[in-house]
$ cat my_file.tsv   # TSV, C-alpha atoms
chain	number	residue	atom	x	y	z
A	1	MET	CA	67.63	22.30	99.85
A	2	TYR	CA	64.75	24.30	98.45
A	3	ALA	CA	65.83	27.83	97.61
A	4	VAL	CA	63.49	30.55	98.80
A	5	ALA	CA	64.28	34.23	98.33
A	6	GLN	CA	64.14	36.41	101.41
A	7	SER	CA	63.79	40.04	100.46
A	8	GLN	CA	61.40	42.92	100.29
A	9	THR	CA	57.96	42.30	98.78
A	10	HIS	CA	57.34	44.41	95.67
A	11	THR	CA	53.89	45.28	94.38
A	12	VAL	CA	53.34	45.50	90.64
A	13	GLU	CA	50.01	46.86	89.49
A	14	THR	CA	48.74	44.91	86.48
A	15	GLN	CA	45.58	43.63	84.91
A	16	THR	CA	44.61	39.97	85.24
A	17	ILE	CA	46.96	39.12	82.38
A	18	PHE	CA	49.61	41.29	80.75
A	19	THR	CA	49.51	41.57	76.95
A	20	LEU	CA	52.95	41.38	75.36
A	21	PRO	CA	53.99	43.88	72.68
A	22	ARG	CA	53.30	42.86	69.11
A	23	SER	CA	55.85	40.47	67.59
A	24	VAL	CA	56.82	39.16	71.04
A	25	ARG	CA	55.73	35.55	71.55
A	26	THR	CA	55.31	33.84	74.90
A	27	LEU	CA	57.30	30.80	73.76
A	28	ALA	CA	60.19	33.04	72.72
A	29	VAL	CA	60.15	34.69	76.16
A	30	THR	CA	60.20	31.31	77.90
A	31	ARG	CA	63.12	30.00	75.84
A	32	ALA	CA	65.08	33.23	76.25
A	33	CYS	CA	64.63	32.98	80.02
A	34	ARG	CA	66.09	29.46	80.01
A	35	VAL	CA	69.06	30.45	77.86
A	36	ALA	CA	69.88	33.42	80.11
A	37	LEU	CA	69.38	31.34	83.26
A	38	LEU	CA	71.73	28.56	82.11
A	39	ALA	CA	74.25	31.12	80.86
A	40	PHE	CA	74.45	32.49	84.39
A	41	ALA	CA	74.38	29.12	86.15
A	42	ASN	CA	77.18	27.68	84.02
A	43	GLY	CA	79.18	30.80	83.25
A	44	ALA	CA	79.06	32.98	86.37
A	45	PRO	CA	81.65	30.93	88.33
A	46	ARG	CA	84.24	32.27	85.84
A	47	TRP	CA	82.83	35.77	85.44
A	48	GLY	CA	84.22	39.09	86.54
A	49	LYS	CA	82.40	42.41	86.77
A	50	HIS	CA	82.53	43.02	83.02
A	51	GLU	CA	80.95	39.67	82.16
A	52	LEU	CA	78.22	40.16	84.75
A	53	ALA	CA	77.51	43.67	83.48
A	54	ALA	CA	77.29	42.35	79.92
A	55	TRP	CA	74.80	39.67	81.01
A	56	LEU	CA	72.63	42.19	82.88
A	57	ALA	CA	72.70	44.74	80.05
A	58	GLY	CA	72.32	42.05	77.38
A	59	PRO	CA	70.16	38.92	77.78
A	60	TYR	CA	68.50	39.95	81.04
A	61	ALA	CA	67.65	43.48	79.87
A	62	GLU	CA	66.39	42.20	76.52
A	63	ILE	CA	64.00	39.73	78.16
A	64	THR	CA	62.58	42.18	80.72
A	65	ARG	CA	62.19	45.06	78.24
A	66	ALA	CA	58.79	43.76	77.16
A	67	SER	CA	57.44	43.99	80.72
A	68	SER	CA	58.95	47.43	81.42
A	69	PRO	CA	55.55	49.23	81.24
A	70	LEU	CA	54.58	47.43	84.45
A	71	VAL	CA	57.29	49.20	86.43
A	72	ALA	CA	57.55	52.43	84.44
A	73	GLY	CA	56.27	54.53	87.35
A	74	LEU	CA	58.62	53.10	89.98
A	75	ALA	CA	61.68	55.10	90.97
A	76	ARG	CA	65.07	53.66	90.08
A	77	ARG	CA	68.42	54.43	91.61
A	78	THR	CA	70.78	56.14	89.17
A	79	LEU	CA	74.05	54.26	88.83
A	80	ASP	CA	77.33	56.10	88.34
A	81	PRO	CA	79.19	54.38	85.48
A	82	ASP	CA	82.50	55.63	86.90
A	83	ALA	CA	81.85	54.34	90.41
A	84	THR	CA	84.38	51.88	91.79
A	85	VAL	CA	83.05	48.36	92.33
A	86	ASP	CA	84.38	46.53	95.37
A	87	ALA	CA	85.68	43.25	93.94
A	88	VAL	CA	85.28	41.38	97.22
A	89	GLN	CA	81.70	42.50	97.74
A	90	LEU	CA	80.85	41.74	94.11
A	91	GLY	CA	82.34	38.27	94.49
A	92	LEU	CA	80.18	37.60	97.54
A	93	VAL	CA	77.03	38.72	95.72
A	94	VAL	CA	77.79	36.59	92.66
A	95	ASN	CA	78.75	33.51	94.69
A	96	ASP	CA	75.55	33.84	96.71
A	97	ALA	CA	73.53	34.03	93.50
A	98	ILE	CA	75.34	31.00	92.04
A	99	THR	CA	74.62	28.89	95.13
A	100	TYR	CA	71.02	30.09	95.13
A	101	THR	CA	70.62	29.25	91.43
A	102	ARG	CA	71.92	25.72	91.88
A	103	ASP	CA	69.68	25.13	94.88
A	104	LEU	CA	66.73	26.42	92.86
A	105	LEU	CA	67.51	24.10	89.95
A	106	ARG	CA	67.96	21.08	92.21
A	107	ALA	CA	64.63	21.76	93.87
A	108	ALA	CA	62.89	22.10	90.49
A	109	MET	CA	64.06	18.61	89.49
A	110	HIS	CA	61.65	17.05	92.01
A	111	PRO	CA	57.84	16.88	91.70
A	112	GLU	CA	56.40	20.11	93.11
A	113	GLY	CA	59.90	21.02	94.29
A	114	GLY	CA	59.80	24.41	92.59
A	115	ALA	CA	56.27	25.36	93.62
A	116	LEU	CA	57.35	27.41	96.63
A	117	GLY	CA	59.95	29.37	94.69
A	118	ALA	CA	57.53	30.07	91.85
A	119	TRP	CA	54.85	31.28	94.26
A	120	ASP	CA	57.40	33.52	95.96
A	121	ALA	CA	58.38	35.08	92.61
A	122	TRP	CA	54.75	35.76	91.73
A	123	ARG	CA	53.91	37.11	95.20
A	124	ARG	CA	56.70	39.69	95.02
A	125	GLY	CA	55.92	40.82	91.49
A	126	LEU	CA	59.10	39.36	89.98
A	127	VAL	CA	57.06	37.49	87.38
A	128	VAL	CA	53.60	38.13	85.89
A	129	ARG	CA	51.23	36.12	83.74
A	130	CYS	CA	51.13	37.24	80.12
A	131	GLU	CA	49.72	36.48	76.69
A	132	ASP	CA	50.81	37.37	73.18
A	133	GLU	CA	48.69	38.72	70.34
A	134	THR	CA	47.68	35.20	69.33
A	135	LEU	CA	46.42	34.57	72.90
A	136	ASN	CA	49.16	32.09	73.84
A	137	GLU	CA	49.58	32.39	77.61
A	138	GLY	CA	52.82	32.30	79.57
A	139	TRP	CA	54.90	34.18	82.15
A	140	ILE	CA	57.38	37.01	81.86
A	141	PRO	CA	60.02	38.27	84.34
A	142	VAL	CA	59.87	41.84	85.59
A	143	ASP	CA	62.92	44.03	86.26
A	144	VAL	CA	61.75	45.39	89.62
A	145	PRO	CA	63.78	48.41	90.79
A	146	GLY	CA	66.18	47.50	93.58
A	147	ALA	CA	65.88	43.74	93.02
A	148	ARG	CA	68.91	41.75	94.07
A	149	LEU	CA	70.86	39.56	91.65
A	150	ARG	CA	69.33	36.40	93.11
A	151	ASP	CA	65.84	37.91	92.62
A	152	ARG	CA	66.59	38.52	88.95
A	153	ILE	CA	67.68	34.89	88.64
A	154	LEU	CA	64.48	33.81	90.39
A	155	SER	CA	62.35	35.79	87.94
A	156	LEU	CA	63.99	34.15	84.90
A	157	TRP	CA	63.67	30.71	86.41
A	158	ALA	CA	60.02	31.16	87.46
A	159	ALA	CA	58.94	32.40	84.01
A	160	ASP	CA	60.40	29.26	82.44
A	161	TYR	CA	59.48	26.80	85.20
A	162	LEU	CA	55.82	27.81	85.28
A	163	CYS	CA	55.55	27.13	81.54
A	164	ALA	CA	57.69	23.98	81.41
A	165	THR	CA	57.47	22.32	84.82
A	166	GLU	CA	57.57	18.82	83.29
A	167	GLU	CA	60.87	19.55	81.55
A	168	TYR	CA	62.47	20.59	84.83
A	169	GLU	CA	61.16	17.51	86.61
A	170	GLY	CA	61.97	15.09	83.80
A	171	TYR	CA	65.08	16.32	81.98
A	172	LEU	CA	67.06	18.87	83.98
A	173	GLY	CA	70.31	17.58	85.43
A	174	LEU	CA	73.38	18.93	87.25
A	175	CYS	CA	76.84	17.41	86.92
A	176	GLU	CA	77.97	15.93	90.24
A	177	VAL	CA	81.53	17.12	89.57
A	178	CYS	CA	81.30	20.68	88.19
A	179	GLU	CA	77.58	21.36	88.84
A	180	ALA	CA	76.99	22.41	85.22
A	181	ALA	CA	73.25	22.41	84.45
A	182	SER	CA	71.62	21.14	81.27
A	183	PHE	CA	68.38	19.71	79.93
A	184	GLU	CA	70.35	17.12	77.96
A	185	PRO	CA	68.71	13.80	79.04
A	186	LEU	CA	71.94	11.80	79.36
A	187	LEU	CA	73.32	14.21	81.96
A	188	ARG	CA	70.52	13.35	84.33
A	189	ALA	CA	70.96	9.61	83.73
A	190	ARG	CA	74.73	9.64	84.16
A	191	GLY	CA	74.99	12.33	86.78
A	192	ARG	CA	77.95	13.82	84.93
A	193	CYS	CA	78.42	16.18	82.00
A	194	LYS	CA	80.37	15.22	78.87
A	195	ASP	CA	83.59	16.64	80.29
A	196	HIS	CA	83.32	14.44	83.38
A	197	ASN	CA	81.64	11.35	81.94
A	198	PRO	CA	83.53	8.34	83.35
A	199	SER	CA	82.66	6.21	80.31
A	200	GLN	CA	85.09	8.29	78.29
A	201	SER	CA	88.10	7.76	80.53
A	202	ALA	CA	90.88	5.49	79.23
A	203	HIS	CA	93.82	3.59	80.67
A	204	HIS	CA	96.85	2.89	78.48
A	205	ILE	CA	98.88	-0.29	78.85
A	206	GLU	CA	102.11	-0.94	76.98
A	207	VAL	CA	102.87	-4.60	76.24
A	208	ASN	CA	106.27	-5.83	75.06
A	209	TRP	CA	106.21	-9.09	73.11
A	210	LEU	CA	109.49	-10.95	72.69
A	211	GLY	CA	111.13	-9.89	69.45
A	212	GLU	CA	108.38	-7.40	68.53
A	213	ALA	CA	107.88	-3.68	68.80
A	214	PRO	CA	105.91	-2.45	71.85
A	215	THR	CA	102.15	-2.46	71.46
A	216	VAL	CA	99.86	-0.02	73.26
A	217	TYR	CA	96.37	-1.06	74.37
A	218	SER	CA	93.81	1.52	75.51
A	219	SER	CA	91.20	0.10	77.88
A	220	TYR	CA	87.93	2.02	78.10
A	221	SER	CA	84.82	1.73	80.22
A	222	LEU	CA	82.07	0.60	77.90
A	223	ALA	CA	80.05	3.51	76.56
A	224	PRO	CA	76.30	3.37	75.83
A	225	ALA	CA	75.43	2.39	72.29
A	226	ASP	CA	73.95	5.83	71.60
A	227	ASP	CA	76.96	7.71	72.97
A	228	SER	CA	78.76	9.31	70.03
A	229	ASN	CA	81.51	10.64	72.29
A	230	GLY	CA	82.72	7.34	73.71
A	231	PRO	CA	84.33	4.28	72.11
A	232	ARG	CA	82.12	1.50	70.84
A	233	SER	CA	84.14	-1.34	72.40
A	234	GLY	CA	86.20	-1.81	75.52
A	235	ILE	CA	89.72	-2.28	74.14
A	236	HIS	CA	91.53	-0.59	71.27
A	237	ARG	CA	94.97	-1.56	69.99
A	238	ARG	CA	97.51	0.86	68.60
A	239	VAL	CA	100.85	-0.48	67.34
A	240	ARG	CA	103.84	1.80	67.55
A	241	SER	CA	106.50	1.85	64.90
A	242	ALA	CA	109.56	-0.29	65.62
A	243	ARG	CA	112.25	1.38	67.72

$ encode --input "my_file.tsv" --output "structure tokens"
Amino acid sequence: MYAVAQSQTHTVETQTIFTLPRSVRTLAVTRACRVALLAFANGAPRWGKHELAAWLAGPYAEITRASSPLVAGLARRTLDPDATVDAVQLGLVVNDAITYTRDLLRAAMHPEGGALGAWDAWRRGLVVRCEDETLNEGWIPVDVPGARLRDRILSLWAADYLCATEEYEGYLGLCEVCEAASFEPLLRARGRCKDHNPSQSAHHIEVNWLGEAPTVYSSYSLAPADDSNGPRSGIHRRVRSAR
């Protein structure tokens, strides 16, 4: 399923290419977007309102601060810090954003699969083209007033995807069990993360030889030769002390 945001179109007035503040590098922006995106994708299923608020006020705010001049003249709604947050409504918003994020990542794994989402982010002003003081070009997300949580996710993803499309198409993977996302190559090949890698599962068999103490054999699925987390051979023997 290709994830496409459906919300209001925002217009951001900017020159052909936005110049980042001094000391801010386009590569650093791209990598920060990926870190924040994966932090949400893999962490949000266990988050409450405090964790979400910390993510919005921390990584997300830090990344979009550089592009704040683009939306400086747009009105923002003032939030009451003492206002009560409806836990049910917040849960629905976060769950919607999690599902949207996973759909977006799955789409980006296929050739041209993320093109529609990236175009949508650019069309609505959620991401703009930029360059740093050394003329390295890239993309940066924009904190558009009134943007929904899923739009903020889209902006982070688009800024990274547009600069590293090949990495999404060649290395990104999602665990088929827990849906954790990572650019670790073995995840894509196995289809499972380290916590759910079947090559690390073991079966224990106790064998009693006549007149000897019980011996325990652990039978493993064979792990790849380059897998440091799994055993190197299929069967390991452990002898218990005599009873």

$ closest_atom_pairs --input "my_file.tsv" --of "region 99-154 of chain A" --to "region 36-44 of chain A" --cutoff "10 Å" --atoms "all atoms listed in the file" --output "CSV"
residue,atom,partner,partner_atom,distance
A:Thr99,CA,A:Ala41,CA,9.0
A:Tyr100,CA,A:Ala41,CA,9.6
A:Thr101,CA,A:Ala41,CA,6.5
A:Arg102,CA,A:Ala41,CA,7.1
A:Leu105,CA,A:Ala41,CA,9.3
A:Arg152,CA,A:Leu37,CA,9.6
A:Ile153,CA,A:Leu37,CA,6.7
A:Leu154,CA,A:Leu37,CA,9.0

$ atom_distance --input "my_file.tsv" --atom1 "CA of Pro185 (chain A)" --atom2 "CA of Glu137 (chain A)"
26.7 Å

$ atom_distance --input "my_file.tsv" --atom1 "CA of Ala53 (chain A)" --atom2 "CA of Ala118 (chain A)"
25.6 Å

$ closest_residue --input "my_file.tsv" --among "A:Leu56, A:Cys193, A:Lys49, A:Trp119" --to "Asp86 (chain A)" --atoms "all atoms listed in the file"
A:Lys49

$ atom_distance --input "my_file.tsv" --atom1 "CA of Glu131 (chain A)" --atom2 "CA of Thr165 (chain A)"
18.1 Å

$ closest_residue --input "my_file.tsv" --among "A:Asp120, A:Glu184, A:Glu169, A:Leu156" --to "Ala61 (chain A)" --atoms "only C-alpha atoms"
A:Leu156

$ closest_residue --input "my_file.tsv" --among "A:Asp143, A:Arg188, A:Arg106, A:Asp195" --to "Ala57 (chain A)" --atoms "all atoms listed in the file"
A:Asp143

$ closest_residue --input "my_file.tsv" --among "A:Pro69, A:Glu112, A:Gly91, A:Thr64" --to "Leu126 (chain A)" --atoms "only C-alpha atoms"
A:Thr64

$ closest_residue --input "my_file.tsv" --among "A:Ile17, A:Met109, A:Ala115, A:Val93" --to "Gly170 (chain A)" --atoms "all atoms listed in the file"
A:Met109

$ closest_residue --input "my_file.tsv" --among "A:Arg148, A:Arg192, A:His50, A:Arg31" --to "Ala97 (chain A)" --atoms "only C-alpha atoms"
A:Arg148

$ residues_around --input "my_file.tsv" --residues "Ser182 (chain A)" --least-positions-apart "5" --cutoff "7 Å" --atoms "all atoms listed in the file" --output "short mmCIF file (atom, residue, chain, number, x, y, z; two decimals) with C-alpha atoms, in the coordinates of the input"
data_model
loop_
_atom_site.label_atom_id
_atom_site.label_comp_id
_atom_site.auth_asym_id
_atom_site.auth_seq_id
_atom_site.Cartn_x
_atom_site.Cartn_y
_atom_site.Cartn_z
CA LEU A 172 67.06 18.87 83.98
CA GLY A 173 70.31 17.58 85.43
CA LEU A 174 73.38 18.93 87.25
#

$ residues_near_point --input "my_file.tsv" --point "(51.4, 36.9, 85.3)" --cutoff "7 Å" --atoms "all atoms listed in the file" --output "mmCIF file with C-alpha atoms, keeping the file's coordinate frame"
data_model
loop_
_atom_site.group_PDB
_atom_site.id
_atom_site.type_symbol
_atom_site.label_atom_id
_atom_site.label_comp_id
_atom_site.auth_asym_id
_atom_site.auth_seq_id
_atom_site.Cartn_x
_atom_site.Cartn_y
_atom_site.Cartn_z
ATOM 1 C CA ILE A 17 46.960 39.120 82.380
ATOM 2 C CA PHE A 18 49.610 41.290 80.750
ATOM 3 C CA VAL A 127 57.060 37.490 87.380
ATOM 4 C CA VAL A 128 53.600 38.130 85.890
ATOM 5 C CA ARG A 129 51.230 36.120 83.740
ATOM 6 C CA CYS A 130 51.130 37.240 80.120
ATOM 7 C CA TRP A 139 54.900 34.180 82.150
ATOM 8 C CA ILE A 140 57.380 37.010 81.860
#

$ build_atoms --input "my_file.tsv" --residues "region 55-77 of chain A" --atoms "N, CA, C and O atoms" --output "short mmCIF file (atom, residue, chain, number, x, y, z; two decimals), in the coordinates of the input"
data_model
loop_
_atom_site.label_atom_id
_atom_site.label_comp_id
_atom_site.auth_asym_id
_atom_site.auth_seq_id
_atom_site.Cartn_x
_atom_site.Cartn_y
_atom_site.Cartn_z
N TRP A 55 75.98 40.54 80.90
CA TRP A 55 74.80 39.67 81.01
C TRP A 55 73.57 40.47 81.44
O TRP A 55 72.48 40.29 80.90
N LEU A 56 73.74 41.38 82.39
CA LEU A 56 72.63 42.19 82.88
C LEU A 56 72.13 43.16 81.80
O LEU A 56 70.93 43.35 81.62
N ALA A 57 73.07 43.76 81.08
CA ALA A 57 72.70 44.74 80.05
C ALA A 57 72.31 44.07 78.74
O ALA A 57 71.69 44.71 77.88
N GLY A 58 72.63 42.78 78.60
CA GLY A 58 72.32 42.05 77.38
C GLY A 58 71.11 41.16 77.51
O GLY A 58 69.97 41.64 77.43
N PRO A 59 71.30 39.86 77.74
CA PRO A 59 70.16 38.92 77.78
C PRO A 59 69.09 39.29 78.79
O PRO A 59 67.90 39.26 78.47
N TYR A 60 69.50 39.65 80.01
CA TYR A 60 68.50 39.95 81.04
C TYR A 60 67.68 41.18 80.67
O TYR A 60 66.45 41.18 80.75
N ALA A 61 68.36 42.24 80.23
CA ALA A 61 67.65 43.48 79.87
C ALA A 61 66.74 43.26 78.66
O ALA A 61 65.63 43.80 78.60
N GLU A 62 67.19 42.45 77.71
CA GLU A 62 66.39 42.20 76.52
C GLU A 62 65.09 41.47 76.87
O GLU A 62 64.02 41.79 76.34
N ILE A 63 65.18 40.50 77.78
CA ILE A 63 64.00 39.73 78.16
C ILE A 63 62.99 40.59 78.92
O ILE A 63 61.79 40.52 78.68
N THR A 64 63.48 41.41 79.85
CA THR A 64 62.58 42.18 80.72
C THR A 64 62.09 43.48 80.07
O THR A 64 61.21 44.14 80.62
N ARG A 65 62.62 43.81 78.91
CA ARG A 65 62.19 45.06 78.24
C ARG A 65 60.71 45.02 77.91
O ARG A 65 60.01 46.03 78.02
N ALA A 66 60.21 43.86 77.54
CA ALA A 66 58.79 43.76 77.16
C ALA A 66 57.86 44.05 78.32
O ALA A 66 56.74 44.54 78.13
N SER A 67 58.30 43.75 79.55
CA SER A 67 57.44 43.99 80.72
C SER A 67 57.72 45.33 81.39
O SER A 67 57.14 45.62 82.45
N SER A 68 58.57 46.15 80.80
CA SER A 68 58.95 47.43 81.42
C SER A 68 57.77 48.37 81.70
O SER A 68 57.82 49.14 82.67
N PRO A 69 56.67 48.34 80.90
CA PRO A 69 55.55 49.23 81.24
C PRO A 69 54.96 48.96 82.63
O PRO A 69 54.36 49.86 83.23
N LEU A 70 55.13 47.76 83.14
CA LEU A 70 54.58 47.43 84.45
C LEU A 70 55.29 48.14 85.59
O LEU A 70 54.72 48.30 86.67
N VAL A 71 56.52 48.55 85.36
CA VAL A 71 57.29 49.20 86.43
C VAL A 71 57.76 50.59 86.00
O VAL A 71 58.67 51.16 86.60
N ALA A 72 57.12 51.14 84.98
CA ALA A 72 57.55 52.43 84.44
C ALA A 72 57.43 53.55 85.46
O ALA A 72 58.21 54.50 85.46
N GLY A 73 56.47 53.46 86.38
CA GLY A 73 56.27 54.53 87.35
C GLY A 73 57.06 54.38 88.63
O GLY A 73 56.98 55.25 89.52
N LEU A 74 57.84 53.32 88.76
CA LEU A 74 58.62 53.10 89.98
C LEU A 74 59.99 53.75 89.88
O LEU A 74 60.64 53.70 88.84
N ALA A 75 60.40 54.40 90.96
CA ALA A 75 61.68 55.10 90.97
C ALA A 75 62.84 54.11 90.93
O ALA A 75 62.81 53.05 91.56
N ARG A 76 63.86 54.47 90.17
CA ARG A 76 65.07 53.66 90.08
C ARG A 76 66.28 54.46 90.53
O ARG A 76 66.36 55.66 90.28
N ARG A 77 67.20 53.77 91.17
CA ARG A 77 68.42 54.43 91.61
C ARG A 77 69.34 54.63 90.41
O ARG A 77 69.55 53.71 89.62
#
